[in-house]
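A.B. asks: The structure that follows is given in the form of structure tokens.
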Amino acid sequence: MLRTVLAAALAATLTTGALLAAPGTPVAAAQPLATTTDGCLSSVPDPGTTAPVRICYTIFRPADASRPHRVPMLMHSHGWGGSRATDPAELATYLKAGYGVISFDQRGFGGSGGHAYVESPAVEGHDVRALVRLVSRLAWVRQDGPGDPRMGAIGGSYGGGYQFLTAFEELRVTGRPVLDALAPEITWNDLSDSLAPEGVVRTAWAAALSAAAVPSDALPPNVYKALVEGAATGSWPDGSVPGTEDMKTFFRANGPKWHVEHGRRLDIPVLLGQGTTDSLFPLQQGLENWRTTFTPRARRHSIFVAYNGGHVLPAVLPSGVSVDSDPCSRRLAGGSFADLTVRFFDEQLRGRDTGLRGYGKYHLATPDSTCTTVTSVAADATYDVGTVATPETGGAPLAFEVAQGPIRVAGTPYLTGTLTALGANNRAFYGLAVGTSPADAHLVQNNVLPLNTLEPVVGQPWRLALPSVAVDVPAGQSLFVIASPVSDTFVGMGSRTPGAVVLEDTVAHLPVVAR
């Protein structure tokens with residue numbers, strides 16, 4: 001049974017302990033971080049049904065918040081397969097800083113009902129707008145106007161996707177984003193491009209995300225069916241085959257890309273965190289959000305931070321790195337991304353000058369746990385590579401030297417050349433690597449991107465995208481491009497017919513940073 005937790009009872013359960021004192025001395029209880037209220041609201045039915053869906057939440061009111069002393073509010077939600085925060089200790093960094101928080105179970109997860117339509121404006125869009133209306137009626141929350149609470153937002157992955165959904169849906173419906181600042185982490189710009197770049201399914205992640213949705217039966221049946229079809233056919237279902245699902249249409253509006261295509265951009269500050277070793281929503285998804293989703297004015301008041309982490313699977317074939325670090329948050333704020341978020345919100349929501357620097361720039365972690373700061377991630381230097389070739393249905397990854405160290409690269413590289421691939425449904429996977437020789441070269445940050453052609457190609461000019469990276473290549477080592485017939489992230493997604501993919505007169509276009 002959901003209930004409102006009384007402040008007196010909560011204080012007893014949240015007391016962190018008694019102070020040591022001499023016998024007979026009164027003992028003062030520690031003040032709780034927050035009082036907590038649980039509840040649910042009623043939102044729109046799932047498509048094709050008529051019963052309203054409940055969306056459940058927990059509101060955290062910090063100790064010093066009151067009608068005379070109103071505080072800003074933060075929205076918070078969980079990653080895919082998770083549930084909302086209910087213990088103030090989970091949000092201690094923000095509560096101690098004096099922010100209220102509303103944490104909610106997204107549709108299909110936790111205590112909420114319905115299925116997950118993966119941040120659809122037509123479904124979850126109603127959920128988040130209803131939560132904003134709820135916050136706008138809280139007397140202890142600072143209000144900028146009727147229906148417009150002073151609000152930021154936090155959360156990663158699926159908990160970053162709702163942030164963009166909330167801001168864009170409020171902008172679409174009311175003409176203003178309502179949220180005053182965002183801090184999304186490791187989230188997407190375009191779901192289809194994330195789950196199936198070039199139409200090639202990231203099967204390892206598709207399987208993991210499906211499994212995480214099973215306990216609460218979160219996904220609609222057609223999505224499960226589509227994932228099975230993708231694994232069987234090797235292609236992202238687009239409805240072109242009669243009787244199959246159309247995931248491109250299903251996910252078309254479920255991310256910032258769709259809103260931007262419809263002429264909407266956010267004019268609010270953002271602290272955008274992305275994982276450099278993330279192989280589900282990789283670095284380039286965050287860079288695309290930064291480039292397209294926000295106005296130039298908003299970017300001047302925003303910060304991009306990339307850390308080693310995110311959605312990480314072991315990169316074995318081709319081999320990658322194993323590192324978990326956040327040197328850029330440490331450089332900017334002296335601590336974690338959460339510490340950086342508090343300082344960012346203090347400046348953007350409270351108007352305090354905390355001395356925070358780094359606005360308008362990209363701060364990118366390297367595999368060596370250093371932080372590279374740049375103002376552009378565009379490729380601005382070219383290197384002749386020659387021929388880059390790989391067999392299609394099997395074999396080891398092959399490495400081709402691009403440049404000798406020392407060289408610093410930070411941004412989004414790509415290859416151009418003349419492509420020949422004589423098989424049907426040609427596939428190969430490409431990424432940048434570092435090593436002393438082709439034999440020991442390993443992926444810079446675990447990611448590869450696919451080439452995918454359904455028909456034979458003979459001598460055609462081609463542009464191949466490479467994963468965005470940040471890396472310092474030291475003297476004595478070289479930067480390589482790896483071409484591989486297989487990838488453990490894209491399990492079973494290699495070519496369906498034998499042959500070879502050959503890129504001749506290859507040129508590597510790199511974002512090189514002057515040392």
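Simple scheme: letters A, B, ... for chains in structure tokens order, numbers from 1 for residues in each chain, numbers from 1 for ligands in the order shown.
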Just want the 8 Å neighbourhood of A:Pro456, counted on only C-alpha atoms, with same-chain residues fewer than 4 positions away dropped. Output as an mmCIF file with all heavy atoms, in the first residue's frame.
C.D. replies:
data_model
loop_
_atom_site.group_PDB
_atom_site.id
_atom_site.type_symbol
_atom_site.label_atom_id
_atom_site.label_comp_id
_atom_site.auth_asym_id
_atom_site.auth_seq_id
_atom_site.Cartn_x
_atom_site.Cartn_y
_atom_site.Cartn_z
ATOM 1 N N THR A 420 35.257 -1.470 -52.484
ATOM 2 C CA THR A 420 34.856 -2.641 -53.262
ATOM 3 C C THR A 420 34.478 -3.750 -52.296
ATOM 4 O O THR A 420 35.267 -4.100 -51.410
ATOM 5 C CB THR A 420 35.978 -3.118 -54.191
ATOM 6 O OG1 THR A 420 36.283 -2.081 -55.135
ATOM 7 C CG2 THR A 420 35.564 -4.377 -54.939
ATOM 8 N N ALA A 421 33.270 -4.285 -52.456
ATOM 9 C CA ALA A 421 32.777 -5.392 -51.632
ATOM 10 C C ALA A 421 31.820 -6.185 -52.507
ATOM 11 O O ALA A 421 30.719 -5.721 -52.808
ATOM 12 C CB ALA A 421 32.086 -4.869 -50.383
ATOM 13 N N LEU A 422 32.235 -7.364 -52.939
ATOM 14 C CA LEU A 422 31.533 -8.088 -53.992
ATOM 15 C C LEU A 422 30.455 -9.032 -53.475
ATOM 16 O O LEU A 422 29.712 -9.610 -54.276
ATOM 17 C CB LEU A 422 32.536 -8.872 -54.839
ATOM 18 C CG LEU A 422 33.616 -8.022 -55.527
ATOM 19 C CD1 LEU A 422 34.554 -8.904 -56.329
ATOM 20 C CD2 LEU A 422 32.977 -6.961 -56.405
ATOM 21 N N GLY A 423 30.352 -9.235 -52.162
ATOM 22 C CA GLY A 423 29.336 -10.129 -51.633
ATOM 23 C C GLY A 423 27.975 -9.468 -51.557
ATOM 24 O O GLY A 423 27.785 -8.308 -51.944
ATOM 25 N N ALA A 424 27.001 -10.213 -51.056
ATOM 26 C CA ALA A 424 25.677 -9.672 -50.769
ATOM 27 C C ALA A 424 25.574 -9.431 -49.271
ATOM 28 O O ALA A 424 26.015 -10.246 -48.471
ATOM 29 C CB ALA A 424 24.594 -10.637 -51.228
ATOM 30 N N ASN A 425 24.984 -8.280 -48.905
ATOM 31 C CA ASN A 425 24.870 -7.904 -47.498
ATOM 32 C C ASN A 425 26.252 -7.887 -46.840
ATOM 33 O O ASN A 425 26.517 -8.599 -45.881
ATOM 34 C CB ASN A 425 23.938 -8.858 -46.755
ATOM 35 C CG ASN A 425 23.351 -8.239 -45.502
ATOM 36 O OD1 ASN A 425 23.580 -7.071 -45.200
ATOM 37 N ND2 ASN A 425 22.586 -9.014 -44.759
ATOM 38 N N ASN A 426 27.122 -7.045 -47.368
ATOM 39 C CA ASN A 426 28.494 -6.944 -46.873
ATOM 40 C C ASN A 426 28.531 -6.246 -45.519
ATOM 41 O O ASN A 426 27.894 -5.214 -45.322
ATOM 42 C CB ASN A 426 29.334 -6.143 -47.867
ATOM 43 C CG ASN A 426 29.360 -6.789 -49.245
ATOM 44 O OD1 ASN A 426 30.033 -7.785 -49.451
ATOM 45 N ND2 ASN A 426 28.633 -6.204 -50.202
#
A.B. asks: In stretch 177-298 of chain A, what's alpha helix (DSSP H) per DSSP? Answer as an MDAnalysis selection string?
C.D. replies: chainID A and resid 191:195 203:213 221:233 247:250 256:261 283:293 296:298
A.B. asks: Hey, which of A:Thr373, A:Thr35, A:Thr506, A:Gln348 ends up closest to A:Thr416? Count only C-alpha atoms.
C.D. replies: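 The answer is A:Thr506, which sits nearest to A:Thr416.
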A.B. asks: List the spatial neighbours of A:Arg515 as a ChimeraX atom specification - criterion: any atom at most 12 Å away, only C-alpha atoms, same-chain residues fewer than 2 positions off excluded.
C.D. replies: /A:372-374,405-410,472-474,512-513
A.B. asks: Nearest residue to A:Gly335 out of A:Thr93, A:Ser43, A:Asn447, A:Ser83, using only C-alpha atoms?
C.D. replies: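 Distance minimum relative to A:Gly335 lands on A:Thr93.
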